[in-house]
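Q: I'm passing along target17.pdb; it holds PDB, N, CA and C atoms.
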MODEL        1
ATOM      1  N   MET L   8       3.514  -0.953 -10.930
ATOM      2  CA  MET L   8       3.596   0.473 -10.803
ATOM      3  C   MET L   8       4.525   0.808  -9.655
ATOM      4  N   ASP L   9       5.249   1.858  -9.826
ATOM      5  CA  ASP L   9       6.150   2.362  -8.794
ATOM      6  C   ASP L   9       5.991   3.871  -8.767
ATOM      7  N   GLY L  10       5.638   4.426  -7.638
ATOM      8  CA  GLY L  10       5.390   5.858  -7.529
ATOM      9  C   GLY L  10       4.243   6.094  -6.572
ATOM     10  N   VAL L  11       3.700   7.300  -6.592
ATOM     11  CA  VAL L  11       2.596   7.671  -5.711
ATOM     12  C   VAL L  11       1.327   7.780  -6.544
ATOM     13  N   VAL L  12       0.285   7.065  -6.117
ATOM     14  CA  VAL L  12      -0.994   7.091  -6.826
ATOM     15  C   VAL L  12      -2.105   7.249  -5.801
ATOM     16  N   GLU L  13      -3.063   8.121  -6.103
ATOM     17  CA  GLU L  13      -4.245   8.312  -5.266
ATOM     18  C   GLU L  13      -5.476   8.150  -6.132
ATOM     19  N   GLY L  14      -6.552   7.601  -5.552
ATOM     20  CA  GLY L  14      -7.805   7.479  -6.283
ATOM     21  C   GLY L  14      -8.287   6.052  -6.355
ATOM     22  N   MET L  15      -8.827   5.665  -7.511
ATOM     23  CA  MET L  15      -9.386   4.332  -7.739
ATOM     24  C   MET L  15      -8.673   3.697  -8.922
ATOM     25  N   ILE L  16      -8.312   2.416  -8.800
ATOM     26  CA  ILE L  16      -7.694   1.684  -9.899
ATOM     27  C   ILE L  16      -8.596   0.506 -10.227
ATOM     28  N   SER L  17      -9.037   0.411 -11.476
ATOM     29  CA  SER L  17      -9.906  -0.677 -11.910
ATOM     30  C   SER L  17      -9.262  -1.402 -13.086
ATOM     31  N   LEU L  18      -8.826  -2.634 -12.842
ATOM     32  CA  LEU L  18      -8.212  -3.483 -13.865
ATOM     33  C   LEU L  18      -8.799  -4.895 -13.735
ATOM     34  N   PRO L  19     -10.091  -5.069 -13.993
ATOM     35  CA  PRO L  19     -10.753  -6.336 -13.690
ATOM     36  C   PRO L  19     -10.204  -7.543 -14.452
ATOM     37  N   GLU L  20      -9.543  -7.338 -15.568
ATOM     38  CA  GLU L  20      -9.010  -8.447 -16.347
ATOM     39  C   GLU L  20      -7.489  -8.489 -16.324
ATOM     40  N   SER L  21      -6.860  -7.731 -15.416
ATOM     41  CA  SER L  21      -5.406  -7.610 -15.432
ATOM     42  C   SER L  21      -4.796  -7.850 -14.062
ATOM     43  N   ARG L  22      -3.469  -7.938 -14.075
ATOM     44  CA  ARG L  22      -2.683  -8.094 -12.849
ATOM     45  C   ARG L  22      -2.000  -6.765 -12.546
ATOM     46  N   LEU L  23      -2.107  -6.318 -11.300
ATOM     47  CA  LEU L  23      -1.443  -5.093 -10.857
ATOM     48  C   LEU L  23      -0.323  -5.468  -9.904
ATOM     49  N   THR L  24       0.885  -4.974 -10.188
ATOM     50  CA  THR L  24       2.017  -5.155  -9.288
ATOM     51  C   THR L  24       2.368  -3.801  -8.698
ATOM     52  N   VAL L  25       2.326  -3.714  -7.379
ATOM     53  CA  VAL L  25       2.677  -2.496  -6.652
ATOM     54  C   VAL L  25       4.133  -2.652  -6.216
ATOM     55  N   GLY L  26       5.028  -1.872  -6.820
ATOM     56  CA  GLY L  26       6.460  -2.013  -6.595
ATOM     57  C   GLY L  26       6.904  -1.629  -5.193
ATOM     58  N   PRO L  27       8.163  -1.944  -4.851
ATOM     59  CA  PRO L  27       8.665  -1.694  -3.497
ATOM     60  C   PRO L  27       8.761  -0.219  -3.126
ATOM     61  N   ASN L  28       8.837   0.677  -4.105
ATOM     62  CA  ASN L  28       8.913   2.111  -3.835
ATOM     63  C   ASN L  28       7.564   2.804  -4.001
ATOM     64  N   ALA L  29       6.515   2.029  -4.224
ATOM     65  CA  ALA L  29       5.190   2.601  -4.486
ATOM     66  C   ALA L  29       4.484   2.986  -3.197
ATOM     67  N   ARG L  30       3.704   4.055  -3.295
ATOM     68  CA  ARG L  30       2.772   4.476  -2.235
ATOM     69  C   ARG L  30       1.419   4.625  -2.904
ATOM     70  N   LEU L  31       0.557   3.649  -2.675
ATOM     71  CA  LEU L  31      -0.745   3.596  -3.325
ATOM     72  C   LEU L  31      -1.812   3.910  -2.294
ATOM     73  N   MET L  32      -2.487   5.048  -2.460
ATOM     74  CA  MET L  32      -3.585   5.439  -1.583
ATOM     75  C   MET L  32      -4.855   5.395  -2.419
ATOM     76  N   ALA L  33      -5.341   4.172  -2.632
ATOM     77  CA  ALA L  33      -6.462   3.973  -3.544
ATOM     78  C   ALA L  33      -7.135   2.644  -3.266
ATOM     79  N   ASP L  34      -8.372   2.532  -3.716
ATOM     80  CA  ASP L  34      -9.056   1.249  -3.748
ATOM     81  C   ASP L  34      -8.739   0.603  -5.085
ATOM     82  N   VAL L  35      -8.521  -0.720  -5.070
ATOM     83  CA  VAL L  35      -8.098  -1.437  -6.274
ATOM     84  C   VAL L  35      -9.067  -2.573  -6.554
ATOM     85  N   ASP L  36      -9.455  -2.688  -7.821
ATOM     86  CA  ASP L  36     -10.254  -3.808  -8.303
ATOM     87  C   ASP L  36      -9.491  -4.401  -9.479
ATOM     88  N   ALA L  37      -8.975  -5.635  -9.316
ATOM     89  CA  ALA L  37      -8.178  -6.264 -10.368
ATOM     90  C   ALA L  37      -8.358  -7.778 -10.312
ATOM     91  N   ARG L  38      -7.872  -8.458 -11.346
ATOM     92  CA  ARG L  38      -7.909  -9.922 -11.344
ATOM     93  C   ARG L  38      -6.920 -10.461 -10.326
ATOM     94  N   GLU L  39      -5.671  -9.927 -10.352
ATOM     95  CA  GLU L  39      -4.637 -10.312  -9.392
ATOM     96  C   GLU L  39      -3.894  -9.068  -8.939
ATOM     97  N   VAL L  40      -3.449  -9.066  -7.675
ATOM     98  CA  VAL L  40      -2.684  -7.945  -7.130
ATOM     99  C   VAL L  40      -1.480  -8.507  -6.380
ATOM    100  N   VAL L  41      -0.294  -7.991  -6.724
ATOM    101  CA  VAL L  41       0.944  -8.357  -6.031
ATOM    102  C   VAL L  41       1.480  -7.078  -5.405
ATOM    103  N   VAL L  42       1.719  -7.087  -4.085
ATOM    104  CA  VAL L  42       2.123  -5.881  -3.364
ATOM    105  C   VAL L  42       3.517  -6.069  -2.774
ATOM    106  N   PHE L  43       4.424  -5.168  -3.168
ATOM    107  CA  PHE L  43       5.755  -5.088  -2.571
ATOM    108  C   PHE L  43       5.883  -3.821  -1.722
ATOM    109  N   GLY L  44       5.072  -2.792  -2.020
ATOM    110  CA  GLY L  44       5.163  -1.485  -1.370
ATOM    111  C   GLY L  44       4.027  -1.232  -0.403
ATOM    112  N   LEU L  45       3.647   0.048  -0.274
ATOM    113  CA  LEU L  45       2.619   0.494   0.661
ATOM    114  C   LEU L  45       1.280   0.664  -0.053
ATOM    115  N   VAL L  46       0.238   0.079   0.514
ATOM    116  CA  VAL L  46      -1.126   0.258   0.004
ATOM    117  C   VAL L  46      -2.003   0.703   1.161
ATOM    118  N   GLU L  47      -2.668   1.849   0.990
ATOM    119  CA  GLU L  47      -3.676   2.330   1.932
ATOM    120  C   GLU L  47      -4.983   2.416   1.165
ATOM    121  N   GLY L  48      -5.835   1.417   1.363
ATOM    122  CA  GLY L  48      -7.095   1.322   0.643
ATOM    123  C   GLY L  48      -7.505  -0.131   0.575
ATOM    124  N   ASP L  49      -8.631  -0.386  -0.032
ATOM    125  CA  ASP L  49      -9.160  -1.738  -0.117
ATOM    126  C   ASP L  49      -8.735  -2.409  -1.413
ATOM    127  N   LEU L  50      -8.427  -3.711  -1.334
ATOM    128  CA  LEU L  50      -8.085  -4.501  -2.508
ATOM    129  C   LEU L  50      -9.198  -5.501  -2.763
ATOM    130  N   ARG L  51      -9.656  -5.564  -4.003
ATOM    131  CA  ARG L  51     -10.656  -6.557  -4.412
ATOM    132  C   ARG L  51     -10.087  -7.264  -5.635
ATOM    133  N   ALA L  52      -9.949  -8.598  -5.540
ATOM    134  CA  ALA L  52      -9.384  -9.365  -6.648
ATOM    135  C   ALA L  52     -10.248 -10.592  -6.918
ATOM    136  N   SER L  53     -10.531 -10.836  -8.183
ATOM    137  CA  SER L  53     -11.289 -12.034  -8.535
ATOM    138  C   SER L  53     -10.405 -13.271  -8.432
ATOM    139  N   GLY L  54      -9.089 -13.060  -8.428
ATOM    140  CA  GLY L  54      -8.136 -14.156  -8.289
ATOM    141  C   GLY L  54      -7.354 -14.041  -7.004
ATOM    142  N   ARG L  55      -6.041 -13.828  -7.144
ATOM    143  CA  ARG L  55      -5.112 -13.902  -6.014
ATOM    144  C   ARG L  55      -4.574 -12.531  -5.610
ATOM    145  N   VAL L  56      -4.393 -12.335  -4.305
ATOM    146  CA  VAL L  56      -3.660 -11.195  -3.744
ATOM    147  C   VAL L  56      -2.426 -11.755  -3.061
ATOM    148  N   GLU L  57      -1.266 -11.192  -3.401
ATOM    149  CA  GLU L  57      -0.006 -11.599  -2.782
ATOM    150  C   GLU L  57       0.600 -10.406  -2.057
ATOM    151  N   LEU L  58       0.868 -10.564  -0.765
ATOM    152  CA  LEU L  58       1.578  -9.548   0.004
ATOM    153  C   LEU L  58       2.998 -10.071   0.206
ATOM    154  N   ARG L  59       3.945  -9.469  -0.502
ATOM    155  CA  ARG L  59       5.333  -9.921  -0.437
ATOM    156  C   ARG L  59       6.001  -9.393   0.821
ATOM    157  N   ASP L  60       7.213  -9.803   1.107
ATOM    158  CA  ASP L  60       7.861  -9.532   2.400
ATOM    159  C   ASP L  60       8.019  -8.050   2.724
ATOM    160  N   THR L  61       8.067  -7.168   1.725
ATOM    161  CA  THR L  61       8.221  -5.729   1.980
ATOM    162  C   THR L  61       6.882  -4.989   1.966
ATOM    163  N   ALA L  62       5.772  -5.711   1.819
ATOM    164  CA  ALA L  62       4.452  -5.084   1.694
ATOM    165  C   ALA L  62       3.958  -4.529   3.020
ATOM    166  N   VAL L  63       3.287  -3.369   2.938
ATOM    167  CA  VAL L  63       2.571  -2.782   4.061
ATOM    168  C   VAL L  63       1.162  -2.487   3.555
ATOM    169  N   MET L  64       0.186  -3.218   4.090
ATOM    170  CA  MET L  64      -1.200  -3.112   3.640
ATOM    171  C   MET L  64      -2.059  -2.570   4.754
ATOM    172  N   LYS L  65      -2.775  -1.454   4.489
ATOM    173  CA  LYS L  65      -3.699  -0.861   5.449
ATOM    174  C   LYS L  65      -5.057  -0.740   4.769
ATOM    175  N   GLY L  66      -5.883  -1.752   4.942
ATOM    176  CA  GLY L  66      -7.194  -1.771   4.311
ATOM    177  C   GLY L  66      -7.716  -3.188   4.243
ATOM    178  N   ASP L  67      -8.893  -3.339   3.677
ATOM    179  CA  ASP L  67      -9.547  -4.637   3.597
ATOM    180  C   ASP L  67      -9.187  -5.344   2.294
ATOM    181  N   ILE L  68      -9.184  -6.672   2.349
ATOM    182  CA  ILE L  68      -8.905  -7.493   1.172
ATOM    183  C   ILE L  68     -10.074  -8.428   0.945
ATOM    184  N   VAL L  69     -10.604  -8.424  -0.278
ATOM    185  CA  VAL L  69     -11.622  -9.380  -0.703
ATOM    186  C   VAL L  69     -11.045 -10.064  -1.931
ATOM    187  N   ALA L  70     -10.827 -11.382  -1.836
ATOM    188  CA  ALA L  70     -10.198 -12.101  -2.934
ATOM    189  C   ALA L  70     -10.548 -13.577  -2.871
ATOM    190  N   ALA L  71     -10.230 -14.273  -3.961
ATOM    191  CA  ALA L  71     -10.430 -15.715  -3.987
ATOM    192  C   ALA L  71      -9.309 -16.418  -3.229
ATOM    193  N   ARG L  72      -8.075 -15.902  -3.343
ATOM    194  CA  ARG L  72      -6.920 -16.501  -2.666
ATOM    195  C   ARG L  72      -6.035 -15.392  -2.119
ATOM    196  N   LEU L  73      -5.322 -15.687  -1.024
ATOM    197  CA  LEU L  73      -4.439 -14.710  -0.394
ATOM    198  C   LEU L  73      -3.147 -15.389   0.018
ATOM    199  N   SER L  74      -2.032 -14.740  -0.298
ATOM    200  CA  SER L  74      -0.712 -15.217   0.103
ATOM    201  C   SER L  74      -0.006 -14.083   0.829
ATOM    202  N   ILE L  75       0.469 -14.346   2.052
ATOM    203  CA  ILE L  75       1.177 -13.337   2.835
ATOM    204  C   ILE L  75       2.538 -13.894   3.219
ATOM    205  N   GLU L  76       3.594 -13.250   2.733
ATOM    206  CA  GLU L  76       4.943 -13.689   3.065
ATOM    207  C   GLU L  76       5.348 -13.209   4.451
ATOM    208  N   GLU L  77       6.322 -13.894   5.026
ATOM    209  CA  GLU L  77       6.867 -13.494   6.315
ATOM    210  C   GLU L  77       7.415 -12.076   6.205
ATOM    211  N   ASN L  78       7.214 -11.269   7.235
ATOM    212  CA  ASN L  78       7.616  -9.862   7.341
ATOM    213  C   ASN L  78       6.665  -8.891   6.645
ATOM    214  N   ALA L  79       5.690  -9.369   5.890
ATOM    215  CA  ALA L  79       4.686  -8.465   5.332
ATOM    216  C   ALA L  79       3.807  -7.971   6.477
ATOM    217  N   SER L  80       3.287  -6.741   6.333
ATOM    218  CA  SER L  80       2.460  -6.140   7.375
ATOM    219  C   SER L  80       1.064  -5.892   6.814
ATOM    220  N   MET L  81       0.041  -6.231   7.608
ATOM    221  CA  MET L  81      -1.327  -6.034   7.143
ATOM    222  C   MET L  81      -2.233  -5.648   8.295
ATOM    223  N   LYS L  82      -3.039  -4.610   8.103
ATOM    224  CA  LYS L  82      -4.040  -4.203   9.082
ATOM    225  C   LYS L  82      -5.345  -4.008   8.333
ATOM    226  N   GLY L  83      -6.340  -4.839   8.642
ATOM    227  CA  GLY L  83      -7.628  -4.758   7.965
ATOM    228  C   GLY L  83      -8.333  -6.100   7.995
ATOM    229  N   ARG L  84      -9.449  -6.160   7.303
ATOM    230  CA  ARG L  84     -10.252  -7.381   7.220
ATOM    231  C   ARG L  84      -9.865  -8.177   5.979
ATOM    232  N   VAL L  85     -10.083  -9.486   6.049
ATOM    233  CA  VAL L  85      -9.867 -10.362   4.894
ATOM    234  C   VAL L  85     -11.119 -11.186   4.671
ATOM    235  N   GLU L  86     -11.581 -11.212   3.423
ATOM    236  CA  GLU L  86     -12.713 -12.056   3.044
ATOM    237  C   GLU L  86     -12.296 -12.872   1.835
ATOM    238  N   LEU L  87     -12.277 -14.198   1.998
ATOM    239  CA  LEU L  87     -11.903 -15.091   0.910
ATOM    240  C   LEU L  87     -13.171 -15.666   0.302
ATOM    241  N   LEU L  88     -13.434 -15.311  -0.939
ATOM    242  CA  LEU L  88     -14.703 -15.658  -1.572
ATOM    243  C   LEU L  88     -14.790 -17.097  -2.036
ATOM    244  N   GLU L  89     -13.877 -17.548  -2.844
ATOM    245  CA  GLU L  89     -13.945 -18.890  -3.391
ATOM    246  C   GLU L  89     -13.789 -19.940  -2.318
ATOM    247  N   ALA L  90     -12.943 -19.702  -1.344
ATOM    248  CA  ALA L  90     -12.715 -20.673  -0.283
ATOM    249  C   ALA L  90     -14.013 -20.964   0.459
ATOM    250  N   ALA L  91     -14.798 -19.948   0.732
ATOM    251  CA  ALA L  91     -16.072 -20.148   1.422
ATOM    252  C   ALA L  91     -17.029 -20.952   0.554
ATOM    253  N   THR L  92     -17.015 -20.737  -0.754
ATOM    254  CA  THR L  92     -17.880 -21.471  -1.664
ATOM    255  C   THR L  92     -17.490 -22.939  -1.711
ATOM    256  N   GLU L  93     -16.179 -23.225  -1.758
ATOM    257  CA  GLU L  93     -15.710 -24.601  -1.802
ATOM    258  C   GLU L  93     -16.073 -25.339  -0.521
ATOM    259  N   VAL L  94     -15.911 -24.712   0.620
ATOM    260  CA  VAL L  94     -16.244 -25.341   1.903
ATOM    261  C   VAL L  94     -17.735 -25.619   1.967
ATOM    262  N   SER L  95     -18.559 -24.678   1.559
ATOM    263  CA  SER L  95     -20.008 -24.868   1.644
ATOM    264  C   SER L  95     -20.482 -25.957   0.696
ATOM    265  N   ALA L  96     -19.767 -26.202  -0.380
ATOM    266  CA  ALA L  96     -20.146 -27.268  -1.300
ATOM    267  C   ALA L  96     -19.884 -28.635  -0.683
ATOM    268  N   ARG L  97     -18.932 -28.713   0.251
ATOM    269  CA  ARG L  97     -18.579 -29.986   0.868
ATOM    270  C   ARG L  97     -19.300 -30.230   2.187
ATOM    271  N   LEU L  98     -19.811 -29.199   2.829
ATOM    272  CA  LEU L  98     -20.449 -29.344   4.136
ATOM    273  C   LEU L  98     -21.921 -28.961   4.048
ATOM    274  N   PRO L  99     -22.766 -29.608   4.855
ATOM    275  CA  PRO L  99     -24.174 -29.215   4.852
ATOM    276  C   PRO L  99     -24.331 -27.824   5.453
ATOM    277  N   GLY L 100     -25.209 -27.022   4.878
ATOM    278  CA  GLY L 100     -25.409 -25.672   5.384
ATOM    279  C   GLY L 100     -26.790 -25.162   5.057
ATOM    280  N   THR L 101     -27.029 -23.957   5.490
ATOM    281  CA  THR L 101     -28.303 -23.312   5.197
ATOM    282  C   THR L 101     -28.027 -21.919   4.673
ATOM    283  N   GLN L 102     -28.962 -21.378   3.956
ATOM    284  CA  GLN L 102     -28.839 -20.026   3.424
ATOM    285  C   GLN L 102     -29.426 -19.032   4.418
ATOM    286  N   ASP L 103     -28.691 -17.971   4.720
ATOM    287  CA  ASP L 103     -29.179 -16.940   5.627
ATOM    288  C   ASP L 103     -29.844 -15.859   4.781
ATOM    289  N   PRO L 104     -31.175 -15.718   4.807
ATOM    290  CA  PRO L 104     -31.844 -14.742   3.950
ATOM    291  C   PRO L 104     -31.483 -13.297   4.298
ATOM    292  N   ALA L 105     -31.057 -13.027   5.530
ATOM    293  CA  ALA L 105     -30.730 -11.651   5.925
ATOM    294  C   ALA L 105     -29.457 -11.171   5.237
ATOM    295  N   THR L 106     -28.498 -12.067   5.068
ATOM    296  CA  THR L 106     -27.219 -11.665   4.467
ATOM    297  C   THR L 106     -27.003 -12.282   3.096
ATOM    298  N   ASP L 107     -27.863 -13.222   2.687
ATOM    299  CA  ASP L 107     -27.725 -13.931   1.437
ATOM    300  C   ASP L 107     -26.364 -14.623   1.367
ATOM    301  N   ALA L 108     -25.901 -15.109   2.514
ATOM    302  CA  ALA L 108     -24.608 -15.787   2.600
ATOM    303  C   ALA L 108     -24.814 -17.189   3.139
ATOM    304  N   GLU L 109     -23.876 -18.032   2.830
ATOM    305  CA  GLU L 109     -23.935 -19.415   3.305
ATOM    306  C   GLU L 109     -23.619 -19.442   4.798
ATOM    307  N   VAL L 110     -24.449 -20.112   5.572
ATOM    308  CA  VAL L 110     -24.241 -20.247   6.999
ATOM    309  C   VAL L 110     -24.093 -21.734   7.298
ATOM    310  N   LEU L 111     -22.973 -22.101   7.908
ATOM    311  CA  LEU L 111     -22.715 -23.496   8.215
ATOM    312  C   LEU L 111     -22.906 -23.756   9.692
ATOM    313  N   ASP L 112     -23.590 -24.852  10.007
ATOM    314  CA  ASP L 112     -23.748 -25.289  11.382
ATOM    315  C   ASP L 112     -22.857 -26.499  11.576
ATOM    316  N   LEU L 113     -21.716 -26.300  12.234
ATOM    317  CA  LEU L 113     -20.741 -27.356  12.414
ATOM    318  C   LEU L 113     -20.884 -28.062  13.763
ATOM    319  N   SER L 114     -21.994 -27.825  14.460
ATOM    320  CA  SER L 114     -22.159 -28.467  15.772
ATOM    321  C   SER L 114     -22.679 -29.877  15.644
TER     322      SER L 114
ENDMDL
END
Go ahead and express the file in the form of structure tokens.

A:
Amino acid sequence: MDGVVEGMISLPESRLTVGPNARLMADVDAREVVVFGLVEGDLRASGRVELRDTAVMKGDIVAARLSIEENASMKGRVELLEAATEVSARLPGTQDPATDAEVLDLS
């Protein structure tokens, strides 16, 4: 997409490409997201998020994988879902009932 979009974008089985001239002020839920332009909002991807060299990201990212090229700009939190699952499968850990998240004791 290239242009100005506001609101919510839901494409759980698709790939969204935000073009270099795009201004996206929305939360996005997609399988994959590739950003060349400006995004102000949260990105949630079941697969990969790519921030290309012209990308400006202002918001949180929750994804299985993240790629950030040199010169891309990002301000926000990042949570990598699959990576945490893979690490916990290889290391001993305990379940935290308060957060229902894997807690690893690496000491």

Q: Might you spell out which residues the PyMOL selection byres (((chain L and resi 46 and name CA) around 8) and name CA) would select in the displayed file, as a ChimeraX atom specification?

A: /L:30-33,42,44-45,47-48,62-66

Q: Given the file shown, enumerate the residues that the PyMOL selection byres ((chain L and resi 51) around 6) captures and present them as a list in words.

A: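 Applying the expression gives Val35, Asp36, Ala37, Asp49, Leu50, Ala52, Ser53, Ile68, Val69 and Ala70 of chain L.
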
Q: Can you write just those residues out, N, CA and C atoms, as a short mmCIF file (atom, residue, chain, number, x, y, z; two decimals), keeping the file's coordinate frame?

A:
data_model
loop_
_atom_site.label_atom_id
_atom_site.label_comp_id
_atom_site.auth_asym_id
_atom_site.auth_seq_id
_atom_site.Cartn_x
_atom_site.Cartn_y
_atom_site.Cartn_z
N VAL L 35 -8.52 -0.72 -5.07
CA VAL L 35 -8.10 -1.44 -6.27
C VAL L 35 -9.07 -2.57 -6.55
N ASP L 36 -9.46 -2.69 -7.82
CA ASP L 36 -10.25 -3.81 -8.30
C ASP L 36 -9.49 -4.40 -9.48
N ALA L 37 -8.98 -5.64 -9.32
CA ALA L 37 -8.18 -6.26 -10.37
C ALA L 37 -8.36 -7.78 -10.31
N ASP L 49 -8.63 -0.39 -0.03
CA ASP L 49 -9.16 -1.74 -0.12
C ASP L 49 -8.74 -2.41 -1.41
N LEU L 50 -8.43 -3.71 -1.33
CA LEU L 50 -8.09 -4.50 -2.51
C LEU L 50 -9.20 -5.50 -2.76
N ALA L 52 -9.95 -8.60 -5.54
CA ALA L 52 -9.38 -9.36 -6.65
C ALA L 52 -10.25 -10.59 -6.92
N SER L 53 -10.53 -10.84 -8.18
CA SER L 53 -11.29 -12.03 -8.54
C SER L 53 -10.40 -13.27 -8.43
N ILE L 68 -9.18 -6.67 2.35
CA ILE L 68 -8.90 -7.49 1.17
C ILE L 68 -10.07 -8.43 0.94
N VAL L 69 -10.60 -8.42 -0.28
CA VAL L 69 -11.62 -9.38 -0.70
C VAL L 69 -11.04 -10.06 -1.93
N ALA L 70 -10.83 -11.38 -1.84
CA ALA L 70 -10.20 -12.10 -2.93
C ALA L 70 -10.55 -13.58 -2.87
#

Q: Using DSSP on the backbone coordinates, identify all residues within range 8-108 of chain L classified as strand (DSSP E); present the result as a ChimeraX atom specification.

A: /L:11-25,30-42,45-47,50-58,63-65,68-75,80-82,85-87,100-103,108

Q: One decimal, in Å: what's the spacing between CA of Arg22 in chain L and CA of Asp9 in chain L?

A: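 Value for the CA of Arg22 in chain L-CA of Asp9 in chain L distance: 14.3 Å.
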
Q: To one decimal place, how far is CA of Met8 in chain L from CA of Phe43 in chain L in Å?

A: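 Separation of CA of Met8 in chain L and CA of Phe43 in chain L: 10.2 Å.
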